[in-house]
file structure16.cif (mmCIF, C-alpha atoms)
data_target
loop_
_atom_site.label_atom_id
_atom_site.label_comp_id
_atom_site.auth_asym_id
_atom_site.auth_seq_id
_atom_site.Cartn_x
_atom_site.Cartn_y
_atom_site.Cartn_z
CA MET A 675 1.10 -18.39 -17.14
CA ALA A 676 2.69 -21.76 -16.38
CA LYS A 677 2.15 -23.35 -13.02
CA ALA A 678 4.97 -24.84 -10.95
CA ASP A 679 3.53 -26.97 -8.18
CA SER A 680 6.81 -26.96 -6.28
CA LYS A 681 6.42 -23.25 -5.60
CA PRO A 682 3.80 -21.79 -3.24
CA LEU A 683 0.84 -20.25 -5.04
CA VAL A 684 0.71 -16.46 -4.81
CA SER A 685 -2.65 -14.75 -5.34
CA ALA A 686 -2.23 -11.37 -7.02
CA ILE A 687 -5.20 -9.23 -6.04
CA ILE A 688 -6.07 -6.09 -8.00
CA THR A 689 -8.99 -3.98 -6.78
CA THR A 690 -10.39 -1.49 -9.26
CA HIS A 691 -13.06 1.18 -9.53
CA ASN A 692 -13.69 3.17 -12.73
CA ARG A 693 -10.10 2.89 -13.92
CA ALA A 694 -10.63 1.11 -17.25
CA ASP A 695 -7.98 3.35 -18.82
CA LEU A 696 -5.32 2.41 -16.24
CA LEU A 697 -6.26 -1.16 -15.29
CA PRO A 698 -4.56 -2.82 -18.31
CA ARG A 699 -1.16 -1.51 -17.21
CA ALA A 700 -1.58 -3.13 -13.80
CA LEU A 701 -2.90 -6.38 -15.24
CA ASP A 702 -0.14 -6.65 -17.84
CA SER A 703 2.49 -6.23 -15.12
CA VAL A 704 1.08 -9.25 -13.26
CA ILE A 705 0.77 -11.43 -16.35
CA VAL A 706 4.50 -11.09 -17.15
CA GLN A 707 5.77 -11.97 -13.66
CA SER A 708 8.86 -14.20 -13.71
CA TYR A 709 7.48 -16.16 -10.73
CA ASP A 710 5.44 -18.84 -12.46
CA ASN A 711 2.81 -19.81 -9.91
CA VAL A 712 0.56 -16.76 -9.70
CA GLU A 713 -3.22 -16.64 -9.50
CA ILE A 714 -4.77 -13.38 -10.76
CA ILE A 715 -7.86 -11.98 -9.05
CA VAL A 716 -9.52 -8.71 -10.06
CA VAL A 717 -12.19 -7.29 -7.76
CA ASP A 718 -14.32 -4.70 -9.54
CA ASP A 719 -15.74 -2.41 -6.87
CA GLY A 720 -18.94 -1.47 -8.70
CA SER A 721 -17.35 0.25 -11.71
CA THR A 722 -19.72 2.15 -14.01
CA ASP A 723 -17.27 2.52 -16.90
CA ASN A 724 -16.24 -0.15 -19.43
CA THR A 725 -14.20 -2.21 -16.97
CA PRO A 726 -16.33 -5.34 -17.58
CA GLU A 727 -15.57 -5.18 -21.31
CA ILE A 728 -11.85 -4.78 -20.60
CA MET A 729 -11.92 -7.78 -18.28
CA GLU A 730 -13.82 -9.93 -20.79
CA LYS A 731 -11.04 -9.41 -23.34
CA TYR A 732 -8.37 -10.39 -20.80
CA ARG A 733 -10.27 -13.48 -19.69
CA GLU A 734 -10.32 -14.71 -23.28
CA GLN A 735 -6.50 -14.75 -23.23
CA VAL A 736 -5.35 -15.51 -19.66
CA PRO A 737 -6.89 -17.15 -16.57
CA VAL A 738 -8.27 -14.35 -14.41
CA LYS A 739 -10.78 -14.65 -11.59
CA TYR A 740 -13.05 -11.63 -12.03
CA ILE A 741 -15.29 -10.64 -9.13
CA ARG A 742 -17.74 -7.87 -9.94
CA LEU A 743 -19.55 -6.15 -7.07
CA ASP A 744 -22.99 -4.75 -7.90
CA LYS A 745 -22.22 -1.51 -6.07
CA SER A 746 -19.13 0.15 -4.66
CA LEU A 747 -18.32 -1.07 -1.15
CA GLY A 748 -15.01 0.79 -0.86
CA ALA A 749 -11.41 -0.38 -1.23
CA PRO A 750 -11.09 -2.20 2.14
CA ARG A 751 -14.12 -4.41 1.55
CA ALA A 752 -13.08 -5.03 -2.06
CA ARG A 753 -9.60 -6.06 -0.94
CA ASN A 754 -11.03 -8.34 1.74
CA ARG A 755 -13.34 -9.92 -0.84
CA GLY A 756 -10.35 -10.70 -3.04
CA ILE A 757 -8.39 -12.21 -0.16
CA GLU A 758 -11.33 -14.37 0.89
CA ALA A 759 -11.76 -15.62 -2.70
CA SER A 760 -8.07 -16.37 -3.17
CA SER A 761 -6.53 -19.85 -3.21
CA GLY A 762 -2.90 -18.90 -2.66
CA GLU A 763 -0.78 -19.59 0.38
CA PHE A 764 0.37 -16.00 -0.11
CA VAL A 765 -1.48 -12.88 -1.25
CA ALA A 766 0.01 -9.76 -2.82
CA GLY A 767 -1.97 -6.64 -3.63
CA LEU A 768 -1.69 -4.16 -6.47
CA ASP A 769 -3.60 -0.92 -6.97
CA ASP A 770 -5.23 -0.51 -10.38
CA ASP A 771 -3.20 2.60 -11.26
CA ASP A 772 0.22 1.14 -10.40
CA LYS A 773 2.38 -1.66 -11.77
CA TRP A 774 4.72 -4.41 -10.63
CA HIS A 775 8.18 -4.84 -12.05
CA LYS A 776 8.69 -8.19 -13.78
CA ASN A 777 10.61 -9.78 -10.90
CA ARG A 778 8.55 -8.41 -8.01
CA ILE A 779 6.99 -11.66 -6.79
CA GLN A 780 10.17 -13.63 -7.48
CA GLY A 781 12.17 -11.09 -5.47
CA LEU A 782 9.74 -10.98 -2.54
CA MET A 783 9.38 -14.76 -2.32
CA ALA A 784 13.17 -15.20 -2.44
CA VAL A 785 13.60 -13.44 0.92
CA TYR A 786 10.38 -14.49 2.64
CA ASP A 787 10.73 -16.10 6.06
CA ASP A 788 8.01 -16.77 8.64
CA CYS A 789 9.93 -14.66 11.17
CA PHE A 790 8.71 -11.64 9.17
CA ALA A 791 5.10 -10.50 9.18
CA ALA A 792 5.28 -9.66 5.47
CA VAL A 793 7.66 -8.60 2.70
CA THR A 794 7.71 -5.38 0.67
CA SER A 795 10.20 -3.57 -1.58
CA ASP A 796 11.60 -0.21 -2.56
CA THR A 797 9.33 1.70 -4.91
CA VAL A 798 9.62 4.03 -7.90
CA MET A 799 7.40 7.06 -7.24
CA VAL A 800 6.27 8.88 -10.39
CA HIS A 801 5.31 12.57 -10.05
CA SER A 802 4.49 15.16 -12.69
CA GLU A 803 7.98 16.62 -12.22
CA GLY A 804 9.74 13.29 -12.66
CA GLN A 805 10.36 10.16 -10.63
CA ALA A 806 12.35 9.10 -7.60
CA ARG A 807 13.16 5.88 -5.79
CA TRP A 808 11.68 5.45 -2.33
CA ARG A 809 14.45 3.73 -0.39
CA LYS A 810 13.12 1.98 2.71
CA LYS A 811 14.81 0.36 5.68
CA LYS A 812 15.76 -3.28 5.25
CA ILE A 813 13.88 -4.26 8.41
CA ILE A 814 10.79 -2.23 9.27
CA ASP A 815 9.89 -2.85 12.90
CA LEU A 816 6.87 -1.78 14.92
CA ASP A 817 8.67 1.21 16.44
CA THR A 818 9.37 2.57 12.95
CA LEU A 819 5.79 1.94 11.83
CA LEU A 820 4.39 3.84 14.79
CA TYR A 821 6.20 6.91 13.47
CA THR A 822 5.33 6.53 9.80
CA ASN A 823 4.11 4.09 7.16
CA GLN A 824 7.54 3.08 5.90
CA VAL A 825 6.02 0.01 4.22
CA GLY A 826 3.87 1.79 1.62
CA ASN A 827 0.64 0.52 0.12
CA GLN A 828 1.32 -3.15 -0.69
CA VAL A 829 3.03 -6.25 0.69
CA LEU A 830 3.33 -9.98 0.12
CA VAL A 831 1.97 -11.87 3.12
CA ARG A 832 0.62 -15.26 4.11
CA ARG A 833 -3.11 -15.36 3.45
CA ASP A 834 -3.90 -17.00 6.80
CA ARG A 835 -2.13 -14.19 8.66
CA VAL A 836 -4.18 -11.46 7.00
CA LEU A 837 -7.37 -13.32 7.83
CA ASP A 838 -6.17 -13.96 11.37
CA VAL A 839 -5.78 -10.24 12.15
CA GLY A 840 -9.09 -9.35 10.50
CA GLY A 841 -8.02 -8.04 7.09
CA PHE A 842 -8.47 -4.42 6.06
CA ASP A 843 -10.63 -2.32 8.38
CA PRO A 844 -13.67 -1.10 6.39
CA ASP A 845 -14.60 1.40 9.11
CA LEU A 846 -11.50 3.51 8.38
CA LYS A 847 -11.93 6.15 5.67
CA ALA A 848 -8.17 6.29 5.02
CA ALA A 849 -4.86 4.70 6.11
CA GLN A 850 -6.39 1.20 5.90
CA ASP A 851 -3.13 -0.28 4.64
CA TYR A 852 -1.07 1.43 7.36
CA ASP A 853 -3.49 0.12 9.99
CA LEU A 854 -3.14 -3.46 8.70
CA TRP A 855 0.66 -3.33 8.64
CA ILE A 856 0.69 -2.29 12.31
CA ARG A 857 -1.63 -5.13 13.31
CA LEU A 858 0.43 -7.67 11.34
CA CYS A 859 3.68 -6.34 12.79
CA GLU A 860 2.32 -6.47 16.33
CA LYS A 861 1.46 -10.15 16.02
CA TYR A 862 4.00 -11.58 13.59
CA GLY A 863 7.13 -9.46 13.83
CA PRO A 864 8.88 -6.90 11.61
CA ILE A 865 8.36 -6.46 7.88
CA ARG A 866 11.23 -7.31 5.55
CA ASN A 867 12.03 -4.91 2.74
CA VAL A 868 13.79 -5.91 -0.46
CA GLN A 869 16.02 -2.96 -1.20
CA LYS A 870 15.33 -3.03 -4.91
CA PRO A 871 12.64 -1.03 -6.75
CA LEU A 872 10.10 -3.74 -7.59
CA GLN A 873 6.96 -1.60 -7.95
CA THR A 874 6.03 1.69 -9.57
CA ILE A 875 3.43 3.96 -7.99
CA TYR A 876 1.95 6.66 -10.20
CA MET A 877 1.04 9.80 -8.28
CA ASP A 878 0.97 12.22 -11.20
CA HIS A 879 -2.80 11.89 -11.69
CA GLU A 880 -3.61 12.48 -8.00
CA GLU A 881 -1.20 15.25 -7.04
CA GLY A 882 -2.63 17.87 -4.76
CA ARG A 883 -5.83 15.91 -4.17
CA ILE A 884 -6.88 16.45 -0.55
CA THR A 885 -10.26 15.31 0.71
CA SER A 886 -12.12 15.68 3.97
CA SER A 887 -12.55 11.91 4.12
CA SER A 888 -8.77 11.42 4.07
CA PHE A 889 -8.43 13.76 7.06
CA GLN A 890 -11.23 12.00 8.88
CA GLY A 891 -9.75 8.62 8.04
CA TYR A 892 -6.33 9.51 9.33
CA LEU A 893 -7.84 10.89 12.53
CA GLN A 894 -9.73 7.62 12.89
CA PHE A 895 -6.45 5.76 12.40
CA TYR A 896 -4.69 7.98 14.95
CA ASN A 897 -7.40 7.47 17.56
CA LYS A 898 -7.43 3.72 16.95
CA HIS A 899 -3.71 3.37 17.64
CA LYS A 900 -2.85 6.36 19.83
CA GLU A 901 -2.40 4.21 22.95
CA LYS A 902 0.48 2.48 21.19
CA PHE A 903 2.34 5.73 20.41
CA ASP A 904 4.98 7.03 22.77
CA ARG A 905 5.24 10.79 23.29
CA SER A 906 7.58 11.32 20.34
CA GLN A 907 5.47 9.23 17.98
CA ARG A 908 2.28 10.98 19.07
CA LYS A 909 3.78 14.42 18.43
CA TYR A 910 4.96 13.40 14.97
CA GLN A 911 1.63 11.82 14.02
CA LEU A 912 -0.22 15.00 15.04
CA TYR A 913 2.34 17.09 13.16
CA LYS A 914 1.64 15.11 9.98
CA ILE A 915 -2.10 15.61 10.38
CA ARG A 916 -1.63 19.38 10.70
CA ARG A 917 0.66 19.50 7.67
CA ALA A 918 -1.81 17.45 5.61
CA GLN A 919 -4.40 20.10 6.46
CA GLN A 920 -1.90 22.71 5.23
CA LYS A 921 -1.87 24.44 8.57
CA PRO A 922 1.09 26.81 9.03
CA LEU A 923 3.97 25.71 11.22
CA ALA A 924 4.50 27.52 14.48
CA PHE A 925 8.03 28.74 15.23
CA GLY A 926 10.19 25.80 16.24
CA GLU A 927 7.43 23.23 15.60
CA PHE A 928 9.41 21.37 12.96
CA GLY A 929 12.35 20.78 15.28
CA SER A 930 10.21 19.82 18.26
CA CYS A 931 7.82 17.45 16.46
CA VAL A 932 9.87 15.80 13.72
CA PRO A 933 12.29 13.09 14.88
CA ALA A 934 15.84 13.52 13.64
CA PHE A 935 15.71 10.47 11.36
CA ARG A 936 12.73 12.02 9.51
CA TYR A 937 14.19 15.54 8.98
CA TRP A 938 15.43 14.92 5.44
CA SER A 939 12.21 13.17 4.33
CA GLU A 940 10.04 15.97 5.68
CA MET A 941 12.19 18.60 4.01
CA LYS A 942 11.80 16.77 0.68
CA ASN A 943 8.04 16.58 1.23
CA GLU A 944 7.88 20.33 1.68
CA VAL A 945 9.74 20.86 -1.61
CA ILE A 946 7.35 18.50 -3.44
CA LYS A 947 4.33 20.35 -2.00
CA LYS A 948 5.71 23.62 -3.32
CA LEU A 949 6.13 22.10 -6.78
CA TRP A 950 2.49 20.98 -6.77
CA GLU A 951 1.14 24.39 -5.76
#
call {"tool": "encode", "arguments": {"input": "structure16.cif", "output": "structure tokens"}}
result
Amino acid sequence: MAKADSKPLVSAIITTHNRADLLPRALDSVIVQSYDNVEIIVVDDGSTDNTPEIMEKYREQVPVKYIRLDKSLGAPRARNRGIEASSGEFVAGLDDDDKWHKNRIQGLMAVYDDCFAAVTSDTVMVHSEGQARWRKKKIIDLDTLLYTNQVGNQVLVRRDRVLDVGGFDPDLKAAQDYDLWIRLCEKYGPIRNVQKPLQTIYMDHEEGRITSSSFQGYLQFYNKHKEKFDRSQRKYQLYKIRRAQQKPLAFGEFGSCVPAFRYWSEMKNEVIKKLWE
């Protein structure tokens, strides 16, 4: 990948754990980025499969900084390790089972401004029943974030800002990305969204997967930020926790807990859940 010194360096950070079958798709999508000043960092969170062999083959062809952890420390610590090891003015994350579209970094950098905490984009969500575009607001402010994670799982952000707010919280068992977006937004302003689908998230291999740690993690997240929520936001957050636990809705609960601007999204979520059952 050619380097253009006139452009800020962006560190693309992929964290991976036992995904040797999916990792190449993610890596390939970074290698072909149209933005030509990208540093690639892969943090291997203690994989026990053939990830090291996969990475050795890639490193023979393209410059990749490969950081292998002796044992799994969890995604937040792995992400933080990648950020700390990065050299870019900006960092941009990618999960090992997803992919960037060719112009993702170019598109995010084109609209970046320091008045925004970070930049994200619309996303293509792939389910077993098909795919759909997740259309997000152009400007995602703190009030919106306190209702729901409208940002998603990845952003492009200045490296010094992530470090300044403490990076990903390793004490949370879930919602670590959501937690970081709130802290960034609190300090540095709203998050800008490019209203083009510049990333694909594959959910087809994880549909219906519900774990006790995800419940515990979201409750941790809720308790960490509950003083920031107003009454409406608190009711909606608790509603989402109950629905994630598949608890039945009481009569009138939907109308009293879901804000009007989230009605359509929640109705679609219910349809998707039925398809997965």
call {"tool": "residues_around", "arguments": {"input": "structure16.cif", "residues": "A:Tyr732", "least_positions_apart": "5", "cutoff": "9 Å", "atoms": "all atoms listed in the file", "output": "list in words"}}
result
Pro698, Leu701, Glu727, Pro737 and Val738 of chain A
call {"tool": "residues_near_point", "arguments": {"input": "structure16.cif", "point": "(11.1, -15.2, 2.9)", "cutoff": "12 Å", "atoms": "only C-alpha atoms", "output": "list in words"}}
result
Pro682, Phe764, Ile779, Gln780, Gly781, Leu782, Met783, Ala784, Val785, Tyr786, Asp787, Asp788, Cys789, Phe790, Ala791, Ala792, Val793, Thr794, Leu830, Val831, Arg832, Ile865, Arg866, Asn867 and Val868 of chain A
call {"tool": "residues_around", "arguments": {"input": "structure16.cif", "residues": "A:Gln873", "least_positions_apart": "6", "cutoff": "9 Å", "atoms": "only C-alpha atoms", "output": "PyMOL selection string"}}
result
chain A and resi 772-776+778+795-799
call {"tool": "residues_around", "arguments": {"input": "structure16.cif", "residues": "A:Lys681", "least_positions_apart": "6", "cutoff": "9 Å", "atoms": "all atoms listed in the file", "output": "PyMOL selection string"}}
result
chain A and resi 709-711
call {"tool": "atom_distance", "arguments": {"input": "structure16.cif", "atom1": "atom CA of A:Arg753", "atom2": "atom CA of A:Ala849"}}
result
13.7 Å
call {"tool": "residues_around", "arguments": {"input": "structure16.cif", "residues": "A:Glu730", "least_positions_apart": "4", "cutoff": "12 Å", "atoms": "all atoms listed in the file", "output": "PyMOL selection string"}}
result
chain A and resi 698+716+724-726+734-742
call {"tool": "resolve_selection", "arguments": {"input": "structure16.cif", "expression": "the PyMOL selection byres ((chain A and resi 690-696) around 9)", "output": "list of chain:residue names"}}
result
A:Ile688, A:Thr689, A:Leu697, A:Pro698, A:Arg699, A:Ala700, A:Val716, A:Val717, A:Asp718, A:Asp719, A:Gly720, A:Ser721, A:Thr722, A:Asp723, A:Asn724, A:Thr725, A:Pro726, A:Glu727, A:Ile728, A:Ser746, A:Gly748, A:Ala749, A:Ala752, A:Asp769, A:Asp770, A:Asp771, A:Asp772
call {"tool": "closest_residue", "arguments": {"input": "structure16.cif", "among": "A:Gln911, A:Lys870, A:Val765, A:Arg835", "to": "A:Pro933", "atoms": "all atoms listed in the file"}}
result
A:Gln911
call {"tool": "closest_atom_pairs", "arguments": {"input": "structure16.cif", "of": "stretch 842-923 of chain A", "to": "stretch 821-824 of chain A", "cutoff": "8 Å", "atoms": "only C-alpha atoms", "output": "CSV"}}
result
residue,atom,partner,partner_atom,distance
A:Tyr852,CA,A:Asn823,CA,5.8
A:Gln907,CA,A:Tyr821,CA,5.1
A:Arg908,CA,A:Tyr821,CA,8.0
A:Tyr910,CA,A:Tyr821,CA,6.8
A:Gln911,CA,A:Tyr821,CA,6.7
call {"tool": "resolve_selection", "arguments": {"input": "structure16.cif", "expression": "the PyMOL selection byres ((chain A and resi 854-859) around 8)", "output": "list in words"}}
result
Ala791, Ala792, Asp815, Leu816, Leu819, Leu820, Val825, Arg835, Val836, Val839, Gly841, Phe842, Asp843, Gln850, Asp851, Tyr852, Asp853, Glu860, Lys861, Tyr862, Gly863, Pro864 and Ile865 of chain A
call {"tool": "closest_residue", "arguments": {"input": "structure16.cif", "among": "A:Ser708, A:Gln805, A:Ser685, A:Asn777", "to": "A:Ala759", "atoms": "only C-alpha atoms"}}
result
A:Ser685
call {"tool": "resolve_selection", "arguments": {"input": "structure16.cif", "expression": "the PyMOL selection byres ((chain A and resi 844) around 6)", "output": "number ranges by chain"}}
result
A: 750-751, 843, 845-846
call {"tool": "atom_distance", "arguments": {"input": "structure16.cif", "atom1": "atom CA of A:Tyr913", "atom2": "atom CA of A:Lys811"}}
result
22.2 Å
call {"tool": "atom_distance", "arguments": {"input": "structure16.cif", "atom1": "atom CA of A:Gln920", "atom2": "atom CA of A:Lys898"}}
result
23.0 Å
call {"tool": "closest_residue", "arguments": {"input": "structure16.cif", "among": "A:Ala806, A:Met729, A:Ala766, A:Ile875", "to": "A:Gly826", "atoms": "all atoms listed in the file"}}
result
A:Ile875
call {"tool": "closest_residue", "arguments": {"input": "structure16.cif", "among": "A:Asp817, A:Asp904, A:Asp878, A:Glu713", "to": "A:Ser761", "atoms": "only C-alpha atoms"}}
result
A:Glu713
call {"tool": "residues_around", "arguments": {"input": "structure16.cif", "residues": "A:Phe889", "least_positions_apart": "5", "cutoff": "9 Å", "atoms": "all atoms listed in the file", "output": "JSON, numbers by chain"}}
result
{"A": [847, 848, 884, 894, 915, 918, 919]}
call {"tool": "closest_residue", "arguments": {"input": "structure16.cif", "among": "A:Glu758, A:Asp838, A:Glu763, A:Asp744", "to": "A:Val712", "atoms": "only C-alpha atoms"}}
result
A:Glu763
call {"tool": "closest_residue", "arguments": {"input": "structure16.cif", "among": "A:Asp834, A:Glu803, A:Asp702, A:Glu940", "to": "A:Arg917", "atoms": "all atoms listed in the file"}}
result
A:Glu940
